[in-house]
Amino acid sequence: MTTQTLPEAQAASATISPAVDVRLLGVRKAYGDVVAVDGVDLEIEAGEFFTLLGPSGSGKTTTLRLIAGFERPDSGRIELSGVDVTGRAPYERDVNTVFQDYALFPHMTVADNVAYGLRVKGVPRAERRRRVEQILQVARLPNVADRKPIQLSGGQRQRIALARALVNAPKVLLLDEPLGALDLKLRQEMQIELKRIQREVSEVGITFVYVTHDQEEALTMSDRLAVFNEGRIEQLGTPAEVYEHPATEFVAGFVGISNVLERDGRRFTVRPEKVQMHFGANDGGEPGRIRDVVYVGMFTRYVVELDSGGELTVVRQNLETSSADALESRGRRVRLEWRPEHTFDMERPGGHE
Amino acid sequence: MNATAVRAERPLGNARRRLSAALWRRPWLRAVALLLPPLGWMIVFYLAALAVLFVSAFWSIDSFTGKLTHTWTWANFHTIFSDPTYRQIAWRTIWMASAVTLTDAIVAFPFAYFMARIAGPRQRTLLFVLVLLPLWSSYLARIYAWRLILNHDGALNWTLGKLGLPTQGWAFTNTAMWIVFSYIWLPFMILPIYAALERIPDSYIEASRDLGARNWTTFRRVIVPLALPGIVAGSIFTFSLTLGDYITPSLVGNVDFIGNVIYRNVLGLTNNLPFAAAYATIPLLVMGLYLVVAKRLGAFDAL
């Protein structure tokens, strides 16, 4: 599924107009001694699905909160559609947020929750009702308008939180790990739903800025993504670029499996599915021993210790292999081979400024 | 074999195991076991006493012998509603309870808001101590302290005089009662409002601002509605405590409250228990009405 959506996403990003919707210039934010965001420069184009990916504490959520206006940067500039909004309160910015805990108002019905933004801006009652109805259709939840949030399931609350933000037709929609509280099945459904909704509202041209720590989610959904680590952006690019050409060891490890080798003074990475594994002693490639086998159903992961130092993870589809075969191969001698064009040089850890 | 031997040796442990198994199989049994002691206490000492009170309100006192007459009569209630003195006392008490409740709500809200949402952990602890500290000292001592403050030659007038300001003559007036009541019951308003405000997640307030609401709108549409159960809980305390009090009026005021009338009829010269019982149902009715109205207004919806 992942591989199918990737080309689509890239095709979509190619047709987007290059106008910049969100621009961060040297933005820095510290809490006491802890630097959460350390000089981030970022340009997010109008209409794109942009993901801030990183482990917890990497500064991705703080960056989102800075764009929303919940936090003020210690230094740097934040622009929305070319206008400096650094000193503006959240209610003066044309952005809306989907919160991780949804933050639906418990004392209001679903309809009142969704209408809240329109109401405080003084949109007349009739239009309010029309737009709320319309957005509940888009969210595919037209029959829950009179319920209280507590009467909804987690997935439904998630959709209402999304509808409450989208109904205002903001320039930028900020999503703070919105699927984090859902179980795997529901999360996968909602990933597809989110992309559908983004397509449906794309005529209005809403830019999605999405925060997640889930690399698969980031690769599946984004037009472009920025990988965060320790308050800085390690790499910025399309999912394919980031996955296939990780710029740093951190990115290689965080997006996919870290497969870093050092040969002849050169540090490089090679993706596990690009490595071929031979069991014959006379085949080409580097010799090694299978140290560990992880059977994952559709495929098996082999961790191979190489005789000349280092280890590589190899992924093989279980086309003809059974779990018993796979697990038996632990300890066997193998040879690993990869093509030079599938290797990518690494910057040394901490080598970038 | 071995297991049976062990079981035979320890019949007590066996019985206990059987009991816990029975409780596990029947959750309602567990609920009954847990609730029986407090419920029993409530029923015997509270509800039964209340029932006796209500029944005795329909009895009377023989005016010659002073003995209790067990015949049903509306006479007590008739007196309460037709005699302007008793009507006036009842209204005065309800009016004072309302004024005190309103005052405490207005004073307590910003205080509780600061405690719950602005103060740091250390400031918050300090404020907690300040709120609770008066409750550790005697209620009577605090009322007498207020007498010393409000008297003609008391601390307040002394301070006002030193500052060159006009002195006040609030001693033994309704104003004095209002001040003392508001002071004494204030912690009972602060604490529930604090609890309600403290429970509001930051993300609700952020969401409101994010959706375009300025601070005042957020306050009105999100914070106050979510704090309402706390305000109502506090007002139940302040309202009912004022309604039932007879010590403050007798020490810092010069007029009667419902409580004073009851007190005199129970322990005083008149010794008319049925009349005291009838008069005591008035605050009960008022409180019941208050709760119904609060529920109708949706005060408990966010609970």
# chains A, B, ... in the order shown; residues from 1 in each chain; ligands from 1
call {"tool": "select_by_dssp", "arguments": {"residues": "region 111-237 of chain A", "states": "strand (DSSP E)", "output": "ChimeraX atom specification"}}
result
/A:172-176,207-212,224-229,232-237
call {"tool": "closest_atom_pairs", "arguments": {"of": "chain B", "to": "chain A", "cutoff": "12 Å", "atoms": "only C-alpha atoms", "output": "JSON lines"}}
result
{"residue": "B:Ile200", "atom": "CA", "partner": "A:Phe105", "partner_atom": "CA", "distance": 10.0}
{"residue": "B:Pro201", "atom": "CA", "partner": "A:Ala103", "partner_atom": "CA", "distance": 8.0}
{"residue": "B:Asp202", "atom": "CA", "partner": "A:Ala103", "partner_atom": "CA", "distance": 8.8}
{"residue": "B:Ser203", "atom": "CA", "partner": "A:Ala103", "partner_atom": "CA", "distance": 5.6}
{"residue": "B:Tyr204", "atom": "CA", "partner": "A:Ala103", "partner_atom": "CA", "distance": 5.2}
{"residue": "B:Ile205", "atom": "CA", "partner": "A:Ala103", "partner_atom": "CA", "distance": 8.7}
{"residue": "B:Glu206", "atom": "CA", "partner": "A:Phe70", "partner_atom": "CA", "distance": 7.0}
{"residue": "B:Ala207", "atom": "CA", "partner": "A:Ala103", "partner_atom": "CA", "distance": 6.5}
{"residue": "B:Ser208", "atom": "CA", "partner": "A:Gly117", "partner_atom": "CA", "distance": 7.9}
{"residue": "B:Arg209", "atom": "CA", "partner": "A:Tyr91", "partner_atom": "CA", "distance": 5.2}
{"residue": "B:Asp210", "atom": "CA", "partner": "A:Pro90", "partner_atom": "CA", "distance": 5.1}
{"residue": "B:Leu211", "atom": "CA", "partner": "A:Gly117", "partner_atom": "CA", "distance": 4.6}
{"residue": "B:Gly212", "atom": "CA", "partner": "A:Tyr91", "partner_atom": "CA", "distance": 4.0}
{"residue": "B:Ala213", "atom": "CA", "partner": "A:Val120", "partner_atom": "CA", "distance": 5.7}
{"residue": "B:Arg214", "atom": "CA", "partner": "A:Tyr91", "partner_atom": "CA", "distance": 6.4}
{"residue": "B:Asn215", "atom": "CA", "partner": "A:Tyr91", "partner_atom": "CA", "distance": 9.2}
{"residue": "B:Trp216", "atom": "CA", "partner": "A:Val120", "partner_atom": "CA", "distance": 10.9}
{"residue": "B:Thr217", "atom": "CA", "partner": "A:Val120", "partner_atom": "CA", "distance": 7.5}
{"residue": "B:Thr218", "atom": "CA", "partner": "A:Val120", "partner_atom": "CA", "distance": 9.3}
{"residue": "B:Arg220", "atom": "CA", "partner": "A:Val120", "partner_atom": "CA", "distance": 11.2}
{"residue": "B:Arg221", "atom": "CA", "partner": "A:Tyr116", "partner_atom": "CA", "distance": 9.5}
{"residue": "B:Val222", "atom": "CA", "partner": "A:Phe105", "partner_atom": "CA", "distance": 7.4}
{"residue": "B:Ile223", "atom": "CA", "partner": "A:Phe105", "partner_atom": "CA", "distance": 10.2}
{"residue": "B:Val224", "atom": "CA", "partner": "A:His107", "partner_atom": "CA", "distance": 10.7}
{"residue": "B:Pro225", "atom": "CA", "partner": "A:His107", "partner_atom": "CA", "distance": 7.3}
{"residue": "B:Leu226", "atom": "CA", "partner": "A:His107", "partner_atom": "CA", "distance": 7.0}
{"residue": "B:Ala227", "atom": "CA", "partner": "A:His107", "partner_atom": "CA", "distance": 10.7}
{"residue": "B:Leu228", "atom": "CA", "partner": "A:His107", "partner_atom": "CA", "distance": 10.5}
{"residue": "B:Pro229", "atom": "CA", "partner": "A:His107", "partner_atom": "CA", "distance": 11.2}
{"residue": "B:Gly298", "atom": "CA", "partner": "A:His107", "partner_atom": "CA", "distance": 9.7}
{"residue": "B:Ala299", "atom": "CA", "partner": "A:His107", "partner_atom": "CA", "distance": 10.4}
{"residue": "B:Phe300", "atom": "CA", "partner": "A:His107", "partner_atom": "CA", "distance": 10.2}
{"residue": "B:Asp301", "atom": "CA", "partner": "A:His107", "partner_atom": "CA", "distance": 7.1}
{"residue": "B:Ala302", "atom": "CA", "partner": "A:His107", "partner_atom": "CA", "distance": 5.7}
{"residue": "B:Leu303", "atom": "CA", "partner": "A:His107", "partner_atom": "CA", "distance": 9.4}
call {"tool": "residues_around", "arguments": {"residues": "Glu216 (chain A)", "least_positions_apart": "2", "cutoff": "12 Å", "atoms": "only C-alpha atoms", "output": "PyMOL selection string"}}
result
chain A and resi 1-3+5-6+51+53-54+184+187-188+191+212-214+218-222+225+239-240+243+254-257
call {"tool": "write_last_selection", "arguments": {"atoms": "N, CA, C and O atoms", "output": "compact mmCIF listing (two decimals), in the first residue's frame"}}
result
# COMPACT_ATOMS: atom_id res chain seq x y z
N MET A 1 0.84 -1.20 0.00
CA MET A 1 0.00 0.00 0.00
C MET A 1 0.88 1.25 0.00
O MET A 1 0.64 2.20 -0.73
N THR A 2 1.92 1.21 0.81
CA THR A 2 2.83 2.33 0.91
C THR A 2 3.43 2.67 -0.45
O THR A 2 3.44 3.82 -0.86
N THR A 3 3.87 1.63 -1.13
CA THR A 3 4.55 1.85 -2.40
C THR A 3 3.60 2.39 -3.46
O THR A 3 4.02 3.06 -4.38
N THR A 5 0.96 4.51 -2.93
CA THR A 5 0.58 5.90 -2.72
C THR A 5 1.74 6.85 -2.97
O THR A 5 1.54 8.02 -3.24
N LEU A 6 2.96 6.34 -2.89
CA LEU A 6 4.10 7.23 -3.04
C LEU A 6 4.15 7.99 -4.37
O LEU A 6 4.23 9.20 -4.36
N THR A 51 5.04 17.12 6.38
CA THR A 51 5.13 16.42 7.66
C THR A 51 6.39 16.81 8.42
O THR A 51 7.46 16.93 7.82
N LEU A 53 8.60 15.18 10.98
CA LEU A 53 8.81 13.83 11.51
C LEU A 53 9.99 13.85 12.47
O LEU A 53 11.00 14.51 12.21
N GLY A 54 9.86 13.12 13.57
CA GLY A 54 10.99 13.04 14.50
C GLY A 54 10.60 12.33 15.77
O GLY A 54 9.41 12.15 16.03
N LEU A 184 -4.10 0.54 15.53
CA LEU A 184 -3.43 0.43 14.23
C LEU A 184 -4.40 0.42 13.06
O LEU A 184 -4.25 1.15 12.09
N ARG A 187 -6.04 3.67 12.60
CA ARG A 187 -5.05 4.65 12.18
C ARG A 187 -4.83 4.55 10.67
O ARG A 187 -4.78 5.55 9.98
N GLN A 188 -4.74 3.32 10.18
CA GLN A 188 -4.52 3.14 8.74
C GLN A 188 -5.72 3.63 7.95
O GLN A 188 -5.57 4.28 6.91
N GLN A 191 -5.59 7.39 7.93
CA GLN A 191 -4.56 7.93 7.03
C GLN A 191 -5.15 8.12 5.64
O GLN A 191 -4.98 9.16 5.01
N THR A 212 4.23 13.94 13.30
CA THR A 212 4.14 12.54 13.69
C THR A 212 5.52 12.00 14.05
O THR A 212 6.54 12.57 13.66
N HIS A 213 5.52 10.92 14.84
CA HIS A 213 6.79 10.24 15.10
C HIS A 213 6.83 8.91 14.34
O HIS A 213 7.77 8.16 14.44
N ASP A 214 5.75 8.66 13.58
CA ASP A 214 5.60 7.39 12.89
C ASP A 214 6.11 7.53 11.47
O ASP A 214 5.52 8.21 10.63
N ALA A 218 4.46 9.08 7.94
CA ALA A 218 5.06 10.22 7.25
C ALA A 218 5.32 9.89 5.78
O ALA A 218 5.03 10.69 4.89
N LEU A 219 5.84 8.69 5.53
CA LEU A 219 6.15 8.31 4.15
C LEU A 219 4.87 8.14 3.33
O LEU A 219 4.81 8.52 2.16
N THR A 220 3.83 7.57 3.94
CA THR A 220 2.59 7.31 3.24
C THR A 220 1.89 8.59 2.82
O THR A 220 1.35 8.68 1.72
N MET A 221 1.86 9.57 3.72
CA MET A 221 0.93 10.68 3.53
C MET A 221 1.54 11.95 2.95
O MET A 221 0.85 12.75 2.35
N SER A 222 2.83 12.14 3.14
CA SER A 222 3.39 13.47 2.87
C SER A 222 3.72 13.70 1.40
O SER A 222 4.09 12.78 0.68
N LEU A 225 8.59 16.10 3.56
CA LEU A 225 8.70 15.99 5.01
C LEU A 225 10.04 16.52 5.48
O LEU A 225 11.01 16.57 4.72
N PRO A 239 9.21 11.99 0.38
CA PRO A 239 9.40 10.71 1.08
C PRO A 239 10.44 9.84 0.38
O PRO A 239 11.29 9.25 1.05
N ALA A 240 10.40 9.76 -0.95
CA ALA A 240 11.34 8.90 -1.67
C ALA A 240 12.77 9.39 -1.48
O ALA A 240 13.68 8.60 -1.22
N TYR A 243 13.83 8.62 2.12
CA TYR A 243 13.99 7.19 2.39
C TYR A 243 15.18 6.62 1.63
O TYR A 243 15.99 5.88 2.19
N PHE A 254 16.31 6.59 11.59
CA PHE A 254 14.94 6.91 12.03
C PHE A 254 13.93 6.60 10.95
O PHE A 254 12.83 6.14 11.24
N VAL A 255 14.27 6.87 9.70
CA VAL A 255 13.38 6.55 8.60
C VAL A 255 13.86 5.22 8.02
O VAL A 255 14.81 5.17 7.27
N GLY A 256 13.22 4.14 8.40
CA GLY A 256 13.67 2.83 7.96
C GLY A 256 14.68 2.27 8.96
O GLY A 256 14.73 2.69 10.11
N ILE A 257 15.48 1.32 8.51
CA ILE A 257 16.41 0.65 9.39
C ILE A 257 17.81 1.17 9.11
O ILE A 257 18.21 1.32 7.96
call {"tool": "residues_around", "arguments": {"residues": "Gly284 (chain A)", "least_positions_apart": "2", "cutoff": "9 Å", "atoms": "only C-alpha atoms", "output": "PyMOL selection string"}}
result
chain A and resi 278+281-282+286-287+335-337
call {"tool": "write_last_selection", "arguments": {"atoms": "all heavy atoms", "output": "short mmCIF file (atom, residue, chain, number, x, y, z; two decimals), in the first residue's frame"}}
result
data_model
loop_
_atom_site.label_atom_id
_atom_site.label_comp_id
_atom_site.auth_asym_id
_atom_site.auth_seq_id
_atom_site.Cartn_x
_atom_site.Cartn_y
_atom_site.Cartn_z
N HIS A 278 23.03 -14.41 -0.59
CA HIS A 278 23.26 -15.71 -1.23
C HIS A 278 23.69 -16.71 -0.19
O HIS A 278 24.45 -16.38 0.72
CB HIS A 278 24.36 -15.59 -2.29
CG HIS A 278 24.16 -14.47 -3.25
ND1 HIS A 278 23.11 -14.42 -4.15
CD2 HIS A 278 24.86 -13.32 -3.46
CE1 HIS A 278 23.18 -13.31 -4.86
NE2 HIS A 278 24.23 -12.61 -4.45
N ALA A 281 28.52 -20.72 -1.24
CA ALA A 281 29.82 -20.23 -0.82
C ALA A 281 30.57 -19.58 -1.98
O ALA A 281 31.47 -18.78 -1.78
CB ALA A 281 30.67 -21.36 -0.25
N ASN A 282 30.18 -19.90 -3.22
CA ASN A 282 30.95 -19.42 -4.35
C ASN A 282 30.39 -18.14 -4.98
O ASN A 282 30.95 -17.64 -5.93
CB ASN A 282 31.02 -20.51 -5.43
CG ASN A 282 31.69 -21.74 -4.88
OD1 ASN A 282 32.62 -21.63 -4.08
ND2 ASN A 282 31.21 -22.89 -5.31
N GLU A 286 30.23 -9.90 0.03
CA GLU A 286 30.98 -10.01 1.27
C GLU A 286 30.49 -11.20 2.10
O GLU A 286 29.29 -11.38 2.25
CB GLU A 286 30.80 -8.73 2.11
CG GLU A 286 31.71 -7.60 1.70
CD GLU A 286 31.83 -6.56 2.80
OE1 GLU A 286 31.66 -6.93 3.98
OE2 GLU A 286 32.07 -5.39 2.47
N PRO A 287 31.38 -11.98 2.68
CA PRO A 287 30.96 -13.10 3.52
C PRO A 287 30.52 -12.63 4.91
O PRO A 287 31.02 -11.62 5.42
CB PRO A 287 32.21 -13.97 3.62
CG PRO A 287 33.35 -13.02 3.43
CD PRO A 287 32.85 -11.90 2.55
N ARG A 335 26.58 -14.80 1.88
CA ARG A 335 27.33 -13.71 1.23
C ARG A 335 26.33 -12.62 0.87
O ARG A 335 25.25 -12.90 0.39
CB ARG A 335 28.03 -14.23 -0.02
CG ARG A 335 29.07 -15.30 0.28
CD ARG A 335 29.83 -15.67 -0.98
NE ARG A 335 30.94 -14.77 -1.24
CZ ARG A 335 32.18 -14.97 -0.75
NH1 ARG A 335 32.44 -16.01 0.00
NH2 ARG A 335 33.15 -14.12 -1.03
N LEU A 336 26.72 -11.37 1.15
CA LEU A 336 25.83 -10.24 0.87
C LEU A 336 26.38 -9.43 -0.29
O LEU A 336 27.58 -9.17 -0.37
CB LEU A 336 25.69 -9.33 2.09
CG LEU A 336 25.08 -9.94 3.35
CD1 LEU A 336 24.85 -8.87 4.39
CD2 LEU A 336 23.78 -10.67 3.03
N GLU A 337 25.45 -9.01 -1.15
CA GLU A 337 25.87 -8.26 -2.33
C GLU A 337 24.92 -7.09 -2.53
O GLU A 337 23.73 -7.21 -2.30
CB GLU A 337 25.81 -9.18 -3.55
CG GLU A 337 26.74 -8.77 -4.65
CD GLU A 337 26.71 -9.78 -5.80
OE1 GLU A 337 25.82 -10.66 -5.80
OE2 GLU A 337 27.55 -9.68 -6.67
#
call {"tool": "select_by_dssp", "arguments": {"residues": "region 34-205 of chain B", "states": "alpha helix (DSSP H)", "output": "PyMOL selection string"}}
result
chain B and resi 34-41+48-56+75-82+84-113+121-136+139-150+155-162+174-198+202-205
call {"tool": "residues_around", "arguments": {"residues": "region 235-239 of chain B", "least_positions_apart": "6", "cutoff": "6 Å", "atoms": "only C-alpha atoms", "output": "PyMOL selection string"}}
result
chain B and resi 97+101+185
call {"tool": "write_last_selection", "arguments": {"atoms": "C-alpha atoms", "output": "mmCIF file, in the first residue's frame"}}
result
data_model
loop_
_atom_site.group_PDB
_atom_site.id
_atom_site.type_symbol
_atom_site.label_atom_id
_atom_site.label_comp_id
_atom_site.auth_asym_id
_atom_site.auth_seq_id
_atom_site.Cartn_x
_atom_site.Cartn_y
_atom_site.Cartn_z
ATOM 1 C CA ALA B 97 -27.644 33.625 52.030
ATOM 2 C CA THR B 101 -23.191 33.340 47.938
ATOM 3 C CA TRP B 185 -17.574 30.636 54.042
#
call {"tool": "residues_around", "arguments": {"residues": "His70 (chain B)", "least_positions_apart": "6", "cutoff": "9 Å", "atoms": "only C-alpha atoms", "output": "PyMOL selection string"}}
result
chain B and resi 56+58-61
call {"tool": "residues_around", "arguments": {"residues": "Gly26 (chain A)", "least_positions_apart": "4", "cutoff": "10 Å", "atoms": "only C-alpha atoms", "output": "PDB file with N, CA, C and O atoms, in the first residue's frame"}}
result
ATOM      1  N   VAL A  37      13.631  24.152  19.981  1.00  0.00           N
ATOM      2  CA  VAL A  37      13.775  24.407  18.550  1.00  0.00           C
ATOM      3  C   VAL A  37      15.001  25.288  18.384  1.00  0.00           C
ATOM      4  O   VAL A  37      15.092  26.353  18.981  1.00  0.00           O
ATOM      5  N   ASP A  38      15.962  24.828  17.576  1.00  0.00           N
ATOM      6  CA  ASP A  38      17.284  25.442  17.558  1.00  0.00           C
ATOM      7  C   ASP A  38      17.596  25.987  16.170  1.00  0.00           C
ATOM      8  O   ASP A  38      18.310  25.364  15.389  1.00  0.00           O
ATOM      9  N   GLY A  39      17.016  27.149  15.870  1.00  0.00           N
ATOM     10  CA  GLY A  39      17.334  27.793  14.603  1.00  0.00           C
ATOM     11  C   GLY A  39      16.794  27.062  13.392  1.00  0.00           C
ATOM     12  O   GLY A  39      17.548  26.613  12.540  1.00  0.00           O
ATOM     13  N   VAL A  40      15.474  26.947  13.309  1.00  0.00           N
ATOM     14  CA  VAL A  40      14.873  26.211  12.194  1.00  0.00           C
ATOM     15  C   VAL A  40      14.494  27.168  11.060  1.00  0.00           C
ATOM     16  O   VAL A  40      13.867  28.201  11.292  1.00  0.00           O
ATOM     17  N   ASP A  41      14.921  26.826   9.849  1.00  0.00           N
ATOM     18  CA  ASP A  41      14.480  27.522   8.639  1.00  0.00           C
ATOM     19  C   ASP A  41      13.625  26.547   7.851  1.00  0.00           C
ATOM     20  O   ASP A  41      14.019  25.402   7.663  1.00  0.00           O
ATOM     21  N   LEU A  42      12.463  27.028   7.408  1.00  0.00           N
ATOM     22  CA  LEU A  42      11.552  26.090   6.765  1.00  0.00           C
ATOM     23  C   LEU A  42      10.607  26.849   5.840  1.00  0.00           C
ATOM     24  O   LEU A  42      10.140  27.927   6.186  1.00  0.00           O
ATOM     25  N   PRO A  73       8.435  32.516  19.747  1.00  0.00           N
ATOM     26  CA  PRO A  73       9.855  32.165  19.604  1.00  0.00           C
ATOM     27  C   PRO A  73      10.740  33.153  20.367  1.00  0.00           C
ATOM     28  O   PRO A  73      10.376  34.318  20.529  1.00  0.00           O
ATOM     29  N   SER A  75      13.730  33.878  19.278  1.00  0.00           N
ATOM     30  CA  SER A  75      14.239  34.688  18.182  1.00  0.00           C
ATOM     31  C   SER A  75      13.772  34.060  16.872  1.00  0.00           C
ATOM     32  O   SER A  75      13.302  32.929  16.855  1.00  0.00           O
ATOM     33  N   GLY A  76      13.913  34.821  15.800  1.00  0.00           N
ATOM     34  CA  GLY A  76      13.478  34.321  14.497  1.00  0.00           C
ATOM     35  C   GLY A  76      12.126  34.894  14.099  1.00  0.00           C
ATOM     36  O   GLY A  76      11.538  35.686  14.831  1.00  0.00           O
ATOM     37  N   ARG A  77      11.675  34.488  12.930  1.00  0.00           N
ATOM     38  CA  ARG A  77      10.489  35.075  12.306  1.00  0.00           C
ATOM     39  C   ARG A  77       9.582  33.980  11.790  1.00  0.00           C
ATOM     40  O   ARG A  77      10.053  32.966  11.278  1.00  0.00           O
ATOM     41  N   ILE A  78       8.282  34.185  11.930  1.00  0.00           N
ATOM     42  CA  ILE A  78       7.318  33.246  11.365  1.00  0.00           C
ATOM     43  C   ILE A  78       6.414  34.020  10.424  1.00  0.00           C
ATOM     44  O   ILE A  78       5.845  35.048  10.812  1.00  0.00           O
TER      45      ILE A  78
END
call {"tool": "closest_residue", "arguments": {"among": "A:Gly310, A:Gly231, A:Pro149, A:Pro340", "to": "Thr63 (chain A)", "atoms": "only C-alpha atoms"}}
result
A:Gly231
call {"tool": "atom_distance", "arguments": {"atom1": "CA of Ala36 (chain A)", "atom2": "CA of Leu80 (chain A)"}}
result
21.4 Å
